[in-house]
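Undergrad: Structure file coords.cif, mmCIF, C-alpha atoms, is pasted below:
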```cif
data_entry
#
loop_
_atom_site.label_atom_id
_atom_site.label_comp_id
_atom_site.auth_asym_id
_atom_site.auth_seq_id
_atom_site.Cartn_x
_atom_site.Cartn_y
_atom_site.Cartn_z
CA MET A 220 113.57 -112.57 -18.56
CA GLN A 221 117.17 -112.70 -19.62
CA ALA A 222 118.07 -112.49 -23.24
CA ILE A 223 119.49 -115.64 -24.79
CA SER A 224 122.48 -113.75 -26.12
CA ASN A 225 123.65 -113.01 -22.56
CA THR A 226 123.88 -116.68 -21.70
CA THR A 227 125.93 -117.57 -24.78
CA GLN A 228 128.51 -114.82 -24.40
CA THR A 229 132.10 -115.96 -24.24
CA LYS A 230 135.01 -113.98 -22.88
CA GLN A 231 138.00 -113.72 -25.16
CA SER A 232 141.36 -113.64 -23.47
CA THR A 233 143.39 -110.58 -24.38
CA ALA A 234 146.59 -111.72 -22.66
CA PRO A 235 149.51 -112.13 -25.09
CA LYS A 236 150.78 -115.63 -25.78
CA THR A 237 153.80 -116.33 -23.61
CA TYR A 238 154.97 -119.62 -25.14
CA ARG A 239 158.74 -119.82 -25.10
CA PRO A 240 160.84 -122.95 -25.64
CA ASP A 241 163.07 -123.86 -22.72
CA PHE A 242 166.44 -123.72 -24.42
CA VAL A 243 168.42 -121.63 -26.86
CA PHE A 244 171.33 -123.22 -28.71
CA VAL A 245 174.24 -122.04 -30.84
CA VAL A 246 176.28 -124.27 -33.14
CA GLN A 247 179.02 -123.37 -35.58
CA LEU A 248 179.22 -124.86 -39.07
CA HIS A 249 182.37 -125.81 -40.97
CA SER A 250 181.81 -122.69 -43.09
CA GLY A 251 182.21 -120.57 -39.95
CA LYS A 252 178.56 -119.48 -39.79
CA PHE A 253 176.66 -119.69 -36.53
CA VAL A 254 173.28 -121.43 -36.39
CA ILE A 255 171.05 -120.20 -33.58
CA GLY A 256 167.73 -121.69 -32.59
CA GLN A 257 165.36 -122.37 -29.75
CA ALA A 258 163.70 -125.67 -28.80
CA ASN A 259 162.36 -127.73 -25.95
CA ASN A 260 164.60 -130.61 -27.02
CA PRO A 261 167.65 -128.87 -28.52
CA SER A 262 169.65 -132.09 -28.73
CA LYS A 263 167.12 -133.58 -31.14
CA ARG A 264 167.02 -130.34 -33.10
CA ILE A 265 170.81 -130.21 -33.48
CA ALA A 266 170.85 -133.85 -34.59
CA ALA A 267 168.19 -133.02 -37.18
CA ILE A 268 170.24 -130.06 -38.47
CA ASN A 269 173.32 -132.27 -38.73
CA SER A 270 171.28 -134.89 -40.60
CA GLY A 271 170.45 -132.33 -43.27
CA LEU A 272 166.78 -132.07 -42.34
CA ASN A 273 166.78 -128.28 -42.03
CA PRO A 274 166.44 -126.36 -45.31
CA SER A 275 168.48 -123.43 -43.95
CA VAL A 276 171.55 -125.64 -43.59
CA LYS A 277 172.29 -127.55 -46.78
CA GLY A 278 173.96 -130.94 -46.57
CA THR A 279 174.68 -133.39 -43.81
CA LEU A 280 177.36 -133.32 -41.09
CA GLN A 281 177.88 -129.57 -41.40
CA ILE A 282 178.32 -128.85 -37.69
CA ASN A 283 181.89 -128.10 -36.63
CA ASN A 284 181.33 -127.53 -32.93
CA ILE A 285 178.56 -126.90 -30.44
CA VAL A 286 179.02 -123.46 -28.93
CA GLY A 287 176.41 -123.93 -26.24
CA ILE A 288 172.96 -125.05 -25.14
CA LYS A 289 171.51 -122.78 -22.47
CA GLU A 290 168.19 -122.18 -20.81
CA GLN A 291 166.14 -119.25 -21.95
CA THR A 292 165.61 -116.61 -19.32
CA GLU A 293 164.36 -113.05 -19.26
CA GLN A 294 167.89 -111.87 -20.01
CA ARG A 295 168.82 -114.62 -22.47
CA SER A 296 166.33 -115.17 -25.26
CA LEU A 297 166.62 -116.09 -28.92
CA ILE A 298 166.34 -112.44 -29.93
CA SER A 299 169.05 -111.26 -27.55
CA VAL A 300 171.44 -114.06 -28.55
CA VAL A 301 170.89 -113.45 -32.27
CA ASN A 302 171.39 -109.75 -31.69
CA MET A 303 174.65 -110.40 -29.86
CA PHE A 304 176.05 -112.68 -32.57
CA VAL A 305 174.97 -110.38 -35.41
CA ASN A 306 176.69 -107.44 -33.72
CA LYS A 307 179.83 -109.47 -33.16
CA TYR A 308 180.16 -111.52 -36.36
CA GLY A 309 177.92 -109.78 -38.88
CA VAL A 310 174.51 -110.61 -40.26
CA ASP A 311 175.95 -112.81 -43.02
CA ASN A 312 177.50 -115.16 -40.49
CA VAL A 313 174.35 -115.92 -38.51
CA ILE A 314 171.53 -118.29 -39.48
CA THR A 315 168.43 -118.41 -37.31
CA VAL A 316 166.46 -121.64 -37.45
CA MET B 252 158.33 -147.10 7.55
CA ASN B 253 161.54 -145.77 6.10
CA PHE B 254 164.42 -148.06 5.27
CA THR B 255 167.86 -147.00 4.27
CA TYR B 256 169.05 -148.33 0.95
CA SER B 257 171.19 -151.11 2.50
CA GLU B 258 168.35 -152.25 4.81
CA ARG B 259 165.95 -152.38 1.89
CA LYS B 260 168.31 -154.66 0.00
CA THR B 261 168.19 -157.23 2.78
CA PHE B 262 164.38 -157.39 2.74
CA PHE B 263 163.93 -157.61 -1.01
CA ASN B 264 166.10 -159.66 -3.32
CA ASP B 265 166.21 -157.15 -6.15
CA GLN B 266 169.27 -157.55 -8.32
CA SER B 267 170.70 -156.14 -11.52
CA VAL B 268 169.32 -157.99 -14.51
CA LEU B 269 170.90 -156.35 -17.56
CA VAL B 270 173.82 -158.26 -19.07
CA PRO B 271 176.33 -155.71 -20.43
CA SER B 272 177.10 -157.69 -23.58
CA GLU B 273 173.40 -157.84 -24.51
CA HIS B 274 172.89 -154.11 -24.13
CA GLU B 275 176.01 -152.81 -25.82
CA ILE B 276 175.79 -149.99 -28.31
CA SER B 277 178.24 -147.88 -30.24
CA PHE B 278 177.43 -144.45 -31.54
CA ASP B 279 179.07 -141.30 -32.88
CA ALA B 280 178.60 -138.08 -30.98
CA TYR B 281 180.00 -134.69 -30.06
CA LEU B 282 181.53 -134.70 -26.61
CA ILE B 283 180.11 -131.56 -25.02
CA ASP B 284 181.20 -131.96 -21.41
CA SER B 285 184.29 -133.88 -20.39
CA ASP B 286 185.17 -132.20 -17.07
CA PHE B 287 184.97 -135.51 -15.17
CA LEU B 288 185.87 -137.91 -17.96
CA VAL B 289 189.50 -138.51 -17.02
CA ARG B 290 189.41 -137.63 -13.34
CA PRO B 291 186.31 -138.43 -11.25
CA ASN B 292 184.23 -135.93 -9.34
CA ARG B 293 184.16 -135.93 -5.54
CA TYR B 294 181.73 -138.87 -5.50
CA GLY B 295 184.12 -140.96 -7.58
CA GLU B 296 181.94 -140.79 -10.71
CA PHE B 297 183.31 -140.44 -14.25
CA ILE B 298 180.78 -138.38 -16.16
CA ALA B 299 180.64 -137.23 -19.77
CA GLN B 300 177.90 -135.55 -21.77
CA TYR B 301 177.24 -136.20 -25.47
CA GLN B 302 175.28 -134.75 -28.34
CA PRO B 303 174.43 -137.59 -30.78
CA LEU B 304 175.89 -136.90 -34.21
CA ASP B 305 172.71 -137.36 -36.24
CA MET B 306 169.14 -138.61 -36.06
CA GLY B 307 170.21 -142.20 -36.76
CA ALA B 308 172.48 -142.27 -33.70
CA MET B 309 169.81 -140.60 -31.62
CA HIS B 310 167.04 -143.06 -32.55
CA MET B 311 169.34 -146.04 -32.03
CA LEU B 312 170.33 -144.81 -28.56
CA TYR B 313 166.81 -144.16 -27.36
CA GLU B 314 165.52 -147.45 -28.75
CA ALA B 315 168.30 -149.35 -26.96
CA GLY B 316 167.46 -147.45 -23.78
CA GLU B 317 163.78 -148.34 -24.08
CA ARG B 318 164.70 -151.97 -24.66
CA ALA B 319 166.81 -152.00 -21.49
CA LEU B 320 164.03 -150.34 -19.53
CA SER B 321 161.40 -152.80 -20.73
CA GLU B 322 163.65 -155.75 -19.90
CA VAL B 323 164.02 -154.50 -16.33
CA LEU B 324 160.26 -153.96 -16.10
CA MET B 325 159.46 -157.43 -17.38
CA SER B 326 161.92 -159.11 -15.04
CA MET B 327 160.36 -157.60 -11.93
CA GLY B 328 158.62 -159.93 -9.53
CA SER B 329 155.35 -159.18 -7.73
CA ASP B 330 157.22 -158.26 -4.54
CA SER B 331 159.88 -156.22 -6.25
CA MET B 332 160.58 -152.75 -4.90
CA LYS B 333 162.28 -151.57 -8.09
CA GLU B 334 161.30 -148.33 -9.75
CA PRO B 335 162.83 -148.62 -13.22
CA ARG B 336 163.63 -145.25 -14.74
CA PRO B 337 166.30 -144.02 -17.15
CA ASN B 338 169.17 -141.97 -15.82
CA TYR B 339 171.12 -141.24 -18.98
CA GLU B 340 169.21 -138.31 -20.47
CA LYS B 341 169.41 -134.66 -19.52
CA ARG B 342 166.50 -132.25 -19.65
CA ASP B 343 167.78 -130.77 -22.91
CA GLY B 344 167.73 -134.21 -24.56
CA SER B 345 171.48 -134.81 -24.55
CA LEU B 346 172.91 -138.02 -23.12
CA PHE B 347 175.41 -138.63 -20.40
CA THR B 348 177.42 -141.59 -19.20
CA SER B 349 178.16 -141.99 -15.49
CA GLN B 350 180.18 -144.78 -13.98
CA LEU B 351 182.63 -145.65 -11.22
CA PHE B 352 185.45 -146.76 -13.56
CA ALA B 353 187.43 -144.73 -16.05
CA PRO B 354 186.58 -145.32 -19.73
CA LYS B 355 189.41 -146.22 -22.09
CA LEU B 356 190.51 -143.40 -24.37
CA ASN B 357 192.55 -143.66 -27.59
CA ILE B 358 194.36 -140.37 -26.94
CA ASP B 359 196.51 -138.77 -24.30
CA PRO B 360 194.14 -136.51 -22.32
CA ASP B 361 197.07 -134.36 -21.15
CA ASP B 362 198.12 -133.46 -24.69
CA THR B 363 196.92 -129.87 -25.00
CA ASP B 364 197.29 -129.98 -28.80
CA GLY B 365 195.18 -133.12 -29.09
CA PRO B 366 191.46 -133.45 -29.83
CA PHE B 367 190.60 -133.67 -26.13
CA PHE B 368 191.10 -129.92 -25.78
CA GLN B 369 189.19 -129.07 -28.93
CA PRO B 370 185.70 -127.55 -28.36
CA SER B 371 183.10 -130.37 -28.61
CA PRO B 372 185.31 -133.01 -30.29
CA GLN B 373 183.75 -135.79 -32.35
CA VAL B 374 183.97 -139.20 -30.71
CA SER B 375 182.91 -142.79 -31.25
CA VAL B 376 181.58 -144.32 -28.04
CA ARG B 377 181.16 -147.96 -27.09
CA ALA B 378 178.78 -148.12 -24.14
CA ASN B 379 176.36 -150.42 -22.37
CA PHE B 380 173.26 -149.99 -20.24
CA HIS B 381 173.44 -151.03 -16.63
CA ASP B 382 170.67 -151.21 -14.03
CA ARG B 383 171.08 -150.74 -10.32
CA GLU B 384 169.25 -152.80 -7.69
CA ASP B 385 166.68 -150.04 -7.25
CA GLY B 386 165.89 -150.01 -10.97
CA MET B 387 167.78 -146.90 -12.05
CA ILE B 388 169.30 -147.42 -15.51
CA TYR B 389 172.68 -145.90 -16.34
CA LEU B 390 174.77 -145.70 -19.48
CA HIS B 391 178.39 -146.81 -19.00
CA ALA B 392 181.07 -145.82 -21.51
CA GLN B 393 183.66 -148.54 -22.13
CA TYR B 394 185.72 -147.01 -24.92
CA ILE B 395 185.77 -143.45 -26.20
CA ASP B 396 187.65 -143.05 -29.47
CA PHE B 397 188.38 -139.50 -30.51
CA TYR B 398 188.37 -138.65 -34.21
CA GLU B 399 191.09 -136.51 -35.74
CA LYS B 400 191.03 -132.89 -34.77
CA THR B 401 188.65 -130.85 -36.95
CA PRO B 402 190.15 -127.53 -38.08
CA LEU B 403 188.19 -124.63 -36.64
CA PRO B 404 186.74 -122.11 -39.07
CA ASP B 405 188.61 -118.83 -39.30
CA LEU B 406 186.45 -116.03 -37.95
CA GLY B 407 188.93 -113.30 -38.82
CA ARG B 408 189.10 -112.39 -35.15
CA PRO B 409 191.91 -112.86 -32.66
CA GLU B 410 189.73 -114.60 -30.04
CA ARG B 411 189.44 -118.36 -29.76
CA GLU B 412 186.25 -120.36 -30.17
CA CYS B 413 186.07 -121.33 -26.53
CA ASP B 414 185.87 -117.64 -25.59
CA ILE B 415 182.44 -117.32 -27.19
CA ASP B 416 179.79 -116.93 -24.53
CA PHE B 417 176.15 -115.96 -24.66
#
```
What's the structure tokens form of this structure?

TA:
Amino acid sequence: MQAISNTTQTKQSTAPKTYRPDFVFVVQLHSGKFVIGQANNPSKRIAAINSGLNPSVKGTLQINNIVGIKEQTEQRSLISVVNMFVNKYGVDNVITV
Amino acid sequence: MNFTYSERKTFFNDQSVLVPSEHEISFDAYLIDSDFLVRPNRYGEFIAQYQPLDMGAMHMLYEAGERALSEVLMSMGSDSMKEPRPNYEKRDGSLFTSQLFAPKLNIDPDDTDGPFFQPSPQVSVRANFHDREDGMIYLHAQYIDFYEKTPLPDLGRPERECDIDF
């Protein structure tokens, strides 16, 4: 006779979570700082930042220009883009949202 | 049985139903791609891509788009071969206008010191939704008014903004 505990065993997945939003975006504020983020709908996210709905960017209509919206790949991820901008412009000029 | 597009039109009397004046909208946006705004691409299309300025503009645009889509859906007859679907949104959520006529601009697009050559200039767009006989819904830009050039922030580096790549 099989023990009841054997029938109720569940297998826990040990694979790491691989969720990654599709796009990474970079915008520049009027102050010169770069805002970098990742999202599945970056257009909506940028509109929300420009509406003042993100606590990291105070005030509305702060975006000066949109540097780019690109797909995330193995080579281009949020971490690599942030790293690139921090190395180039300094940690004080980069905001990650 | 496969029909070509022109043959299909003769069998079914599907027509455009959206009246431009009833589906006009104006919104503020950043112009993020204007490669084919002044001169058409090889298919004769004038295309521009926009990032809506704020959430208000974004909601207004998508609501107007939904309204146009539902009007096309409701006007379909029982024998209609239309497949109404929007063709004004990119996968990243930004919008684009595509049309066979050039939109009117308030600036000289050849002036290299003007706002047209600024990275992602701010524009005010007057546009309308248009449906094709097969149900595809497009956004057509009528007027694109460029705002004054925004001074770029000084990065303390010799390179220009458009040189930034990632």

Undergrad: Set the distance at 10 Å and use all atoms listed in the file: which residues neighbour segment 236-242 of chain A once local chain neighbours fewer than 6 positions away are removed? I'd like the list as a ChimeraX atom specification.

TA: /A:256-262,288-292,295-297 /B:342-343

Undergrad: Residues of chain A near chain B: apply a cut-off of 7 Å, count all atoms listed in the file, and supply the list as a PyMOL selection string.

TA: chain A and resi 249-251+259-263+266-267+269-270+284-285+300

Undergrad: Can you tell me how far atom CA of Ala378 of chain B sits from atom CA of Tyr394 of chain B, in Å to one decimal?

TA: 7.1 Å

Undergrad: What is the distance between atom CA of Asn379 of chain B and atom CA of Thr279 of chain A, in Å to one decimal?

TA: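 Computing it gives 27.4 Å between the two atoms.
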
Undergrad: Taking the file above as input, evaluate the PyMOL selection byres ((chain B and resi 337) around 12) and report the hits as a ChimeraX atom specification.

TA: /B:313,315-321,323-324,334-336,338-341,346-348,380-383,385-390

Undergrad: Which value, in Å to one decimal, gives the distance between atom CA of Lys307 of chain A and atom CA of Val246 of chain A?

TA: 15.2 Å

Undergrad: Any chance you could tabulate, as JSON lines, the residues of segment 308-394 of chain B at most 12 Å from segment 287-290 of chain B with each one's nearest atom pair and distance in Å to one decimal, using only C-alpha atoms, in chain and rising number order?

TA:
```
{"residue": "B:Phe347", "atom": "CA", "partner": "B:Leu288", "partner_atom": "CA", "distance": 10.8}
{"residue": "B:Thr348", "atom": "CA", "partner": "B:Leu288", "partner_atom": "CA", "distance": 9.3}
{"residue": "B:Ser349", "atom": "CA", "partner": "B:Leu288", "partner_atom": "CA", "distance": 9.1}
{"residue": "B:Gln350", "atom": "CA", "partner": "B:Leu288", "partner_atom": "CA", "distance": 9.8}
{"residue": "B:Leu351", "atom": "CA", "partner": "B:Arg290", "partner_atom": "CA", "distance": 10.7}
{"residue": "B:Phe352", "atom": "CA", "partner": "B:Val289", "partner_atom": "CA", "distance": 9.8}
{"residue": "B:Ala353", "atom": "CA", "partner": "B:Val289", "partner_atom": "CA", "distance": 6.6}
{"residue": "B:Pro354", "atom": "CA", "partner": "B:Leu288", "partner_atom": "CA", "distance": 7.7}
{"residue": "B:Lys355", "atom": "CA", "partner": "B:Val289", "partner_atom": "CA", "distance": 9.2}
{"residue": "B:Leu356", "atom": "CA", "partner": "B:Val289", "partner_atom": "CA", "distance": 8.9}
{"residue": "B:Ile358", "atom": "CA", "partner": "B:Val289", "partner_atom": "CA", "distance": 11.2}
{"residue": "B:Asp359", "atom": "CA", "partner": "B:Val289", "partner_atom": "CA", "distance": 10.1}
{"residue": "B:Pro360", "atom": "CA", "partner": "B:Val289", "partner_atom": "CA", "distance": 7.3}
{"residue": "B:Asp361", "atom": "CA", "partner": "B:Val289", "partner_atom": "CA", "distance": 9.6}
{"residue": "B:Phe367", "atom": "CA", "partner": "B:Leu288", "partner_atom": "CA", "distance": 10.3}
{"residue": "B:His391", "atom": "CA", "partner": "B:Leu288", "partner_atom": "CA", "distance": 11.7}
{"residue": "B:Ala392", "atom": "CA", "partner": "B:Leu288", "partner_atom": "CA", "distance": 9.9}
{"residue": "B:Gln393", "atom": "CA", "partner": "B:Leu288", "partner_atom": "CA", "distance": 11.6}
{"residue": "B:Tyr394", "atom": "CA", "partner": "B:Leu288", "partner_atom": "CA", "distance": 11.5}
```

Undergrad: I'd like to know which of A:Val243, A:Val310, A:Asn283, A:Gln294 is closest to Arg264 of chain A, using all atoms listed in the file.

TA: A:Val243

Undergrad: Apply the PyMOL selection byres ((chain A and resi 312) around 10) to the displayed file and report the matching residues as a compact mmCIF listing (two decimals) with C-alpha atoms, in the coordinates of the input.

TA:
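This went into result06.txt:
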```
# COMPACT_ATOMS: atom_id res chain seq x y z
CA GLN A 247 179.02 -123.37 -35.58
CA LEU A 248 179.22 -124.86 -39.07
CA SER A 250 181.81 -122.69 -43.09
CA GLY A 251 182.21 -120.57 -39.95
CA LYS A 252 178.56 -119.48 -39.79
CA PHE A 253 176.66 -119.69 -36.53
CA VAL A 254 173.28 -121.43 -36.39
CA PHE A 304 176.05 -112.68 -32.57
CA VAL A 305 174.97 -110.38 -35.41
CA LYS A 307 179.83 -109.47 -33.16
CA TYR A 308 180.16 -111.52 -36.36
CA GLY A 309 177.92 -109.78 -38.88
CA VAL A 310 174.51 -110.61 -40.26
CA ASP A 311 175.95 -112.81 -43.02
CA VAL A 313 174.35 -115.92 -38.51
CA ILE A 314 171.53 -118.29 -39.48
CA LEU B 406 186.45 -116.03 -37.95
```

Undergrad: To test your reading of the syntax: which residues would the PyMOL selection byres ((chain B and resi 375) around 9) return for the file shown? Reply as a list in words.

TA: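 Output from the PyMOL selection byres ((chain B and resi 375) around 9), applied to this file: Ser277, Phe278, Asp279, Ala280, Tyr281, Gln373, Val374, Val376, Arg377, Tyr394, Ile395, Asp396, Phe397 and Tyr398 of chain B.
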
Undergrad: Which is closer to Asp265 of chain B than all the others in B:Glu322, B:Asp330, B:Glu384, B:Glu399, using all atoms listed in the file?

TA: B:Glu384
